[in-house]
Amino acid sequence: MKRAFPILAALTALLLAYAFYEAMWVAPMERTMGDVQRIFYYHVPSAWTAFLLFTVNLVASVVYLIRRNAKADAVAVVCAEVGVVFCTVVLVTGPIWARPVWGIWWTWDVRLTTTLVLWLIYVSYLVLRRFSDSSQTPKLAAVLAIFGALDVPLVYFSIWFFRTQHPQPVIGGGGSIDPRMLHVLLINWLAFSCFAFLVCWARYRLEWLHREAEEEEALASLHGPSQ
Amino acid sequence: MNSIKFLYAAYIATWLTHGFYLVSLVSRYTRWRQMKVAQSSGVYVQNHLVFAILVTILCCLPAGVPAILYAAQVNGKLQAGDIAGARTASKKAKMWCWISVGASLAGGLVYLLIAVGVAGSTSR
């Protein structure tokens, strides 16, 4: 497993470089927006990856609530944390795209607002995990994660069911996309998903190291006074 | 339309966000390692590894590399029981970090002076 990580990291770096090349130079230029449309190739994959991570967080939280499995709890924390990073990328790159295209950085439309709410819910989840010492924290966090995951379909389908300023879906929902653009989009999603998997792997390992250290410390403090 | 600037800005913002998160992971791992080393040796010596990584990325790369090299030696020397060596490596790592910061500030100042000079000469 220790050997697999650097190999996978090298492969992911190559895939990310290839995806960047495809997004910048191979994908055809969009007629009305020009080059700025290429932000799409890392804005959308980042959003999909964040949704995927929040979904894994939901599943892990449900498993934790049913079985009280510590590994499921660790997976939930890791996915929430990495998901928040990807959601931050979405919230940062979106306004950078909006400024030249819409003429404004931000508007309170349904897609943007629900995405911001999603980010805030998972930041609250992480704050709860970080600053609460109670033994009930994993249970409370799991419930909050289920509540937060309800926002994921709301974000995803908001542009299907509401009239929003945000562009309409390009895949499904009556949208269409040039096959070459779709190809580049999927390569970028694959690259970002591999990157997310690697980061989650490293973070999961770190989570276990910290939990083991905390257990050791707790045991030492229990045995300490008797010595 | 200078939309290409927005494209690059979004790309840089994406990797800065991921970069900061990765640095935070390295920082947490370093803290854990230092805690383990301190538990086993009973001595705590700061390794400045995160500071070294940050100055290498954000300030001056040539001065950042020796900072990382010295910072990486600290825990190994502590584990080997070489406390004096660990302290020396820690001091050198810190010194190279500050050299990197100073070099980048000096470079920025020189660039600013040249830019102001060029702007002044073209406006005349």
# chains A, B, ... in the order shown; residues from 1 in each chain; ligands from 1

$ residues_around --residues "stretch 132-137 of chain A" --least-positions-apart "4" --cutoff "12 Å" --atoms "only C-alpha atoms" --output "short mmCIF file (atom, residue, chain, number, x, y, z; two decimals) with N, CA and C atoms, in the first residue's frame"
data_model
loop_
_atom_site.label_atom_id
_atom_site.label_comp_id
_atom_site.auth_asym_id
_atom_site.auth_seq_id
_atom_site.Cartn_x
_atom_site.Cartn_y
_atom_site.Cartn_z
N TYR A 64 -22.22 4.81 10.21
CA TYR A 64 -21.77 5.06 11.59
C TYR A 64 -22.96 5.04 12.56
N LEU A 65 -24.08 5.68 12.15
CA LEU A 65 -25.24 5.73 13.04
C LEU A 65 -25.82 4.34 13.30
N ARG A 68 -22.05 2.13 14.56
CA ARG A 68 -21.04 2.77 15.44
C ARG A 68 -19.62 2.35 15.06
N ASP A 73 -16.82 6.54 10.58
CA ASP A 73 -16.75 7.91 11.11
C ASP A 73 -15.55 8.64 10.52
N VAL A 77 -15.50 12.07 8.10
CA VAL A 77 -14.73 13.31 8.37
C VAL A 77 -13.87 13.66 7.16
N SER A 124 -19.74 24.01 8.95
CA SER A 124 -20.28 23.85 10.32
C SER A 124 -19.97 22.45 10.83
N TYR A 125 -20.11 21.47 9.95
CA TYR A 125 -19.80 20.07 10.30
C TYR A 125 -18.35 19.96 10.78
N LEU A 126 -17.45 20.58 10.02
CA LEU A 126 -16.02 20.50 10.36
C LEU A 126 -15.71 21.25 11.65
N VAL A 127 -16.40 22.40 11.84
CA VAL A 127 -16.20 23.17 13.07
C VAL A 127 -16.67 22.35 14.27
N LEU A 128 -17.82 21.68 14.10
CA LEU A 128 -18.34 20.81 15.16
C LEU A 128 -17.33 19.71 15.51
N ALA A 141 -22.51 14.88 14.53
CA ALA A 141 -21.96 15.22 13.21
C ALA A 141 -22.60 14.37 12.12
N ALA A 142 -22.85 13.10 12.43
CA ALA A 142 -23.48 12.21 11.44
C ALA A 142 -24.89 12.71 11.10
N VAL A 143 -25.61 13.17 12.12
CA VAL A 143 -26.96 13.70 11.87
C VAL A 143 -26.88 14.98 11.03
N LEU A 144 -25.91 15.84 11.37
CA LEU A 144 -25.73 17.08 10.60
C LEU A 144 -25.35 16.75 9.15
N ALA A 145 -24.55 15.69 8.95
CA ALA A 145 -24.14 15.30 7.60
C ALA A 145 -25.34 14.86 6.78
N GLU A 214 -4.26 9.98 20.15
CA GLU A 214 -5.21 10.41 21.19
C GLU A 214 -5.51 9.26 22.16
#

$ closest_atom_pairs --of "chain B" --to "chain A" --cutoff "6 Å" --atoms "only C-alpha atoms" --output "JSON lines"
{"residue": "B:Ser3", "atom": "CA", "partner": "A:Val36", "partner_atom": "CA", "distance": 5.2}
{"residue": "B:Ile4", "atom": "CA", "partner": "A:Asp35", "partner_atom": "CA", "distance": 5.9}
{"residue": "B:Leu7", "atom": "CA", "partner": "A:Val36", "partner_atom": "CA", "distance": 5.1}
{"residue": "B:Ala10", "atom": "CA", "partner": "A:Thr93", "partner_atom": "CA", "distance": 5.1}
{"residue": "B:Thr14", "atom": "CA", "partner": "A:Val89", "partner_atom": "CA", "distance": 5.4}

$ write_last_selection --atoms "C-alpha atoms" --output "CSV table (one decimal), in the first residue's frame"
chain,number,residue,atom,x,y,z
B,3,SER,CA,-10.9,36.9,-20.6
B,4,ILE,CA,-7.7,34.9,-20.7
B,7,LEU,CA,-9.1,32.0,-17.0
B,10,ALA,CA,-9.4,30.8,-11.9
B,14,THR,CA,-8.0,26.4,-8.0

$ select_by_dssp --residues "stretch 11-213 of chain A" --states "alpha helix (DSSP H)" --output "PyMOL selection string"
chain A and resi 11-21+40-67+70-102+110-131+137-149+151-161+179-213

$ write_last_selection --atoms "C-alpha atoms" --output "compact mmCIF listing (two decimals), in the first residue's frame"
# COMPACT_ATOMS: atom_id res chain seq x y z
CA LEU A 11 -0.08 8.81 -12.49
CA THR A 12 -2.56 11.39 -11.15
CA ALA A 13 -0.07 14.22 -11.74
CA LEU A 14 0.35 13.05 -15.35
CA LEU A 15 -3.42 12.78 -15.79
CA LEU A 16 -3.93 16.28 -14.33
CA ALA A 17 -1.27 17.69 -16.70
CA TYR A 18 -2.93 15.97 -19.67
CA ALA A 19 -6.37 17.20 -18.58
CA PHE A 20 -4.98 20.76 -18.27
CA TYR A 21 -3.50 20.53 -21.79
CA PHE A 40 -15.90 25.18 -17.04
CA TYR A 41 -13.35 22.33 -17.30
CA TYR A 42 -12.30 22.65 -13.68
CA HIS A 43 -15.35 24.39 -12.18
CA VAL A 44 -17.77 21.61 -13.16
CA PRO A 45 -15.48 18.62 -12.33
CA SER A 46 -14.74 20.24 -8.94
CA ALA A 47 -18.49 20.54 -8.28
CA TRP A 48 -19.15 16.92 -9.29
CA THR A 49 -16.26 15.72 -7.13
CA ALA A 50 -17.57 17.72 -4.16
CA PHE A 51 -21.04 16.18 -4.65
CA LEU A 52 -19.49 12.71 -4.83
CA LEU A 53 -17.52 13.28 -1.62
CA PHE A 54 -20.58 14.63 0.22
CA THR A 55 -22.52 11.55 -0.93
CA VAL A 56 -19.79 9.25 0.45
CA ASN A 57 -19.92 11.33 3.65
CA LEU A 58 -23.69 10.68 3.82
CA VAL A 59 -23.27 6.90 3.34
CA ALA A 60 -20.44 6.75 5.91
CA SER A 61 -22.52 8.79 8.40
CA VAL A 62 -25.51 6.47 8.01
CA VAL A 63 -23.22 3.43 8.46
CA TYR A 64 -21.77 5.06 11.59
CA LEU A 65 -25.24 5.73 13.04
CA ILE A 66 -26.29 2.11 12.44
CA ARG A 67 -23.11 0.25 13.41
CA ALA A 70 -15.04 4.10 13.85
CA LYS A 71 -13.73 3.58 10.30
CA ALA A 72 -17.02 4.85 8.85
CA ASP A 73 -16.75 7.91 11.11
CA ALA A 74 -13.20 8.56 9.88
CA VAL A 75 -14.30 8.22 6.23
CA ALA A 76 -17.13 10.70 6.91
CA VAL A 77 -14.73 13.31 8.37
CA VAL A 78 -12.24 12.88 5.54
CA CYS A 79 -14.85 13.15 2.78
CA ALA A 80 -16.45 16.22 4.37
CA GLU A 81 -13.09 17.97 4.66
CA VAL A 82 -11.91 17.24 1.11
CA GLY A 83 -15.43 17.96 -0.18
CA VAL A 84 -15.32 21.41 1.42
CA VAL A 85 -12.01 22.10 -0.37
CA PHE A 86 -13.55 21.18 -3.74
CA CYS A 87 -16.71 23.16 -2.93
CA THR A 88 -14.46 26.16 -2.12
CA VAL A 89 -12.88 25.82 -5.57
CA VAL A 90 -16.39 25.88 -7.09
CA LEU A 91 -17.32 29.01 -5.12
CA VAL A 92 -14.07 30.75 -6.09
CA THR A 93 -13.92 29.86 -9.79
CA GLY A 94 -17.64 30.55 -10.36
CA PRO A 95 -17.44 34.30 -9.63
CA ILE A 96 -14.18 34.57 -11.62
CA TRP A 97 -16.10 33.17 -14.61
CA ALA A 98 -19.19 35.31 -13.87
CA ARG A 99 -17.36 38.67 -13.81
CA PRO A 100 -16.44 38.81 -17.54
CA VAL A 101 -19.55 36.89 -18.69
CA TRP A 102 -22.36 38.38 -16.55
CA VAL A 110 -30.96 29.55 -6.56
CA ARG A 111 -27.92 27.57 -7.75
CA LEU A 112 -25.37 29.96 -6.26
CA THR A 113 -27.23 30.39 -2.98
CA THR A 114 -27.83 26.67 -2.42
CA THR A 115 -24.15 25.98 -3.17
CA LEU A 116 -23.10 28.59 -0.61
CA VAL A 117 -25.52 27.05 1.92
CA LEU A 118 -24.06 23.59 1.17
CA TRP A 119 -20.54 24.92 1.82
CA LEU A 120 -21.67 26.57 5.07
CA ILE A 121 -23.34 23.37 6.30
CA TYR A 122 -20.19 21.31 5.76
CA VAL A 123 -17.96 24.01 7.26
CA SER A 124 -20.28 23.85 10.32
CA TYR A 125 -19.80 20.07 10.30
CA LEU A 126 -16.02 20.50 10.36
CA VAL A 127 -16.20 23.17 13.07
CA LEU A 128 -18.34 20.81 15.16
CA ARG A 129 -15.80 18.01 14.69
CA ARG A 130 -12.89 20.28 15.51
CA PHE A 131 -14.12 22.08 18.61
CA THR A 137 -19.79 14.51 18.66
CA PRO A 138 -19.56 11.77 15.98
CA LYS A 139 -23.29 11.05 16.40
CA LEU A 140 -24.27 14.73 16.20
CA ALA A 141 -21.96 15.22 13.21
CA ALA A 142 -23.48 12.21 11.44
CA VAL A 143 -26.96 13.70 11.87
CA LEU A 144 -25.73 17.08 10.60
CA ALA A 145 -24.14 15.30 7.60
CA ILE A 146 -27.49 13.71 6.70
CA PHE A 147 -29.12 17.12 6.94
CA GLY A 148 -26.35 18.64 4.79
CA ALA A 149 -26.60 15.92 2.15
CA ASP A 151 -28.90 20.09 0.02
CA VAL A 152 -26.84 18.20 -2.61
CA PRO A 153 -29.80 17.21 -4.86
CA LEU A 154 -31.26 20.68 -4.27
CA VAL A 155 -28.06 22.25 -5.65
CA TYR A 156 -27.82 19.81 -8.54
CA PHE A 157 -31.46 20.03 -9.70
CA SER A 158 -31.97 23.74 -8.97
CA ILE A 159 -31.11 24.65 -12.56
CA TRP A 160 -33.55 22.04 -13.85
CA PHE A 161 -36.55 23.22 -11.87
CA PRO A 179 -18.76 15.86 -28.11
CA ARG A 180 -15.16 17.18 -28.04
CA MET A 181 -16.03 19.43 -25.09
CA LEU A 182 -17.75 16.52 -23.32
CA HIS A 183 -14.63 14.37 -23.83
CA VAL A 184 -12.38 17.05 -22.26
CA LEU A 185 -14.89 17.58 -19.42
CA LEU A 186 -14.90 13.86 -18.57
CA ILE A 187 -11.09 13.64 -18.69
CA ASN A 188 -10.88 16.56 -16.27
CA TRP A 189 -13.45 14.97 -13.99
CA LEU A 190 -11.48 11.72 -13.98
CA ALA A 191 -8.27 13.64 -13.17
CA PHE A 192 -9.88 15.63 -10.34
CA SER A 193 -11.58 12.49 -8.97
CA CYS A 194 -8.22 10.65 -8.88
CA PHE A 195 -6.67 13.67 -7.14
CA ALA A 196 -9.52 13.74 -4.60
CA PHE A 197 -9.10 10.00 -3.97
CA LEU A 198 -5.37 10.46 -3.30
CA VAL A 199 -5.95 13.40 -0.95
CA CYS A 200 -8.66 11.42 0.88
CA TRP A 201 -6.27 8.48 1.22
CA ALA A 202 -3.55 10.66 2.76
CA ARG A 203 -6.06 12.42 5.02
CA TYR A 204 -7.57 9.10 6.16
CA ARG A 205 -4.12 7.85 7.14
CA LEU A 206 -3.51 11.08 9.07
CA GLU A 207 -6.90 10.75 10.80
CA TRP A 208 -5.95 7.28 12.05
CA LEU A 209 -2.54 8.43 13.24
CA HIS A 210 -4.19 11.21 15.25
CA ARG A 211 -6.83 8.87 16.69
CA GLU A 212 -4.15 6.38 17.72
CA ALA A 213 -2.11 9.17 19.34

$ residues_around --residues "stretch 49-55 of chain B" --least-positions-apart "4" --cutoff "6 Å" --atoms "only C-alpha atoms" --output "PyMOL selection string"
chain B and resi 27+59+64+67-68+71+97

$ residues_around --residues "B:Gly81" --least-positions-apart "6" --cutoff "12 Å" --atoms "only C-alpha atoms" --output "PyMOL selection string"
chain B and resi 37-38+40-45+74-75+87

$ atom_distance --atom1 "atom CA of B:Lys36" --atom2 "atom CA of A:Ala10"
29.0 Å

$ atom_distance --atom1 "atom CA of A:Trp25" --atom2 "atom CA of B:Tyr11"
14.1 Å
